[in-house]
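Structure, as structure tokens:
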Amino acid sequence: MKNREKYYWNLGFNKVIGLRDMYSKDYRKISMKIDETVNQEFIFNHQSIISEDFEQPENVKFLLFYSLKM
């Protein structure tokens with residue numbers, strides 16, 4: 001997200017939402033199952049990075065999602 005932030009602002013976007021799958025490699029390093037404590041830690045850590053490193057942190061949000069295989 002950080003690498004593309006300026007690109008989105010230059011295109012005229014006013015909000016950026018980053019999505020991360022709960023079954024991503026980074027998440028699975030911490031937990032192999034959905035865990036609300038891990039979810040909150042994951043979101044907090046990513047949002048902290050956004051707050052510290054992004055040009056417009058008030059307009060950037062990080063969310064977790066999970067997908068199901070059918």
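Letters A, B, ... mark the chains of the structure tokens in the order given; residue numbers begin at 1 per chain; ligand numbers begin at 1, in order shown.
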
Please give the complete set of residues from chain A that DSSP, run on the backbone, assigns to strand (DSSP E), formatted as a PDB file with C-alpha atoms, in the first residue's frame.
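Below is the file that was written, out24.pdb:
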ATOM      1  CA  VAL A  16      -7.465   4.003   0.355  1.00  0.00           C
ATOM      2  CA  ILE A  17      -8.498   0.691   1.888  1.00  0.00           C
ATOM      3  CA  GLY A  18      -5.963  -2.108   2.245  1.00  0.00           C
ATOM      4  CA  LEU A  19      -7.305  -5.643   2.527  1.00  0.00           C
ATOM      5  CA  ARG A  20      -5.372  -8.623   3.850  1.00  0.00           C
ATOM      6  CA  ASP A  21      -6.607 -12.196   3.819  1.00  0.00           C
ATOM      7  CA  VAL A  60      -6.048   5.104   4.769  1.00  0.00           C
ATOM      8  CA  LYS A  61      -7.666   2.102   6.465  1.00  0.00           C
ATOM      9  CA  PHE A  62      -6.481  -1.482   6.885  1.00  0.00           C
ATOM     10  CA  LEU A  63      -9.006  -4.341   7.039  1.00  0.00           C
ATOM     11  CA  LEU A  64      -8.810  -8.106   7.396  1.00  0.00           C
ATOM     12  CA  PHE A  65     -11.045 -10.484   5.491  1.00  0.00           C
TER      13      PHE A  65
END

message = Env of segment 33-41 of chain A: 9 Å cut, atoms = only C-alpha atoms, seq-sep filter 4 positions within chain, self excluded. Answer as a count of residues only.
response = 8

task = Determine which residues of segment 3-66 of chain A receive a DSSP assignment of alpha helix (DSSP H), computed from the backbone, and state them as number ranges by chain.
result = A: 5-11, 25-30, 36-53

Requested write-out: C-alpha atoms of the selected residues, as a PDB file, in the first residue's frame:
ATOM      1  CA  GLU A   5      -0.209   5.756  -1.900  1.00  0.00           C
ATOM      2  CA  LYS A   6       0.916   8.762  -3.987  1.00  0.00           C
ATOM      3  CA  TYR A   7      -0.344   7.063  -7.143  1.00  0.00           C
ATOM      4  CA  TYR A   8      -3.887   6.840  -5.715  1.00  0.00           C
ATOM      5  CA  TRP A   9      -3.884  10.440  -4.476  1.00  0.00           C
ATOM      6  CA  ASN A  10      -2.645  11.625  -7.887  1.00  0.00           C
ATOM      7  CA  LEU A  11      -5.516   9.747  -9.572  1.00  0.00           C
ATOM      8  CA  LYS A  25       1.415 -16.188   4.957  1.00  0.00           C
ATOM      9  CA  ASP A  26       2.025 -13.460   7.565  1.00  0.00           C
ATOM     10  CA  TYR A  27      -1.187 -14.299   9.431  1.00  0.00           C
ATOM     11  CA  ARG A  28      -0.506 -18.046   9.381  1.00  0.00           C
ATOM     12  CA  LYS A  29       2.915 -17.444  10.930  1.00  0.00           C
ATOM     13  CA  ILE A  30       1.048 -16.254  14.031  1.00  0.00           C
ATOM     14  CA  GLU A  36      -9.897 -12.498  17.413  1.00  0.00           C
ATOM     15  CA  THR A  37      -6.847 -11.550  19.513  1.00  0.00           C
ATOM     16  CA  VAL A  38      -4.547 -12.096  16.527  1.00  0.00           C
ATOM     17  CA  ASN A  39      -6.989 -10.162  14.313  1.00  0.00           C
ATOM     18  CA  GLN A  40      -6.884  -7.136  16.599  1.00  0.00           C
ATOM     19  CA  GLU A  41      -3.088  -7.297  16.913  1.00  0.00           C
ATOM     20  CA  PHE A  42      -2.702  -7.605  13.141  1.00  0.00           C
ATOM     21  CA  ILE A  43      -5.024  -4.642  12.492  1.00  0.00           C
ATOM     22  CA  PHE A  44      -3.387  -2.519  15.218  1.00  0.00           C
ATOM     23  CA  ASN A  45       0.136  -3.174  13.904  1.00  0.00           C
ATOM     24  CA  HIS A  46      -0.794  -2.320  10.316  1.00  0.00           C
ATOM     25  CA  GLN A  47      -2.754   0.770  11.341  1.00  0.00           C
ATOM     26  CA  SER A  48       0.238   1.920  13.437  1.00  0.00           C
ATOM     27  CA  ILE A  49       2.491   1.694  10.390  1.00  0.00           C
ATOM     28  CA  ILE A  50      -0.061   3.657   8.364  1.00  0.00           C
ATOM     29  CA  SER A  51      -0.252   6.352  11.071  1.00  0.00           C
ATOM     30  CA  GLU A  52       3.535   6.728  11.206  1.00  0.00           C
ATOM     31  CA  ASP A  53       4.589   6.309   7.561  1.00  0.00           C
TER      32      ASP A  53
END
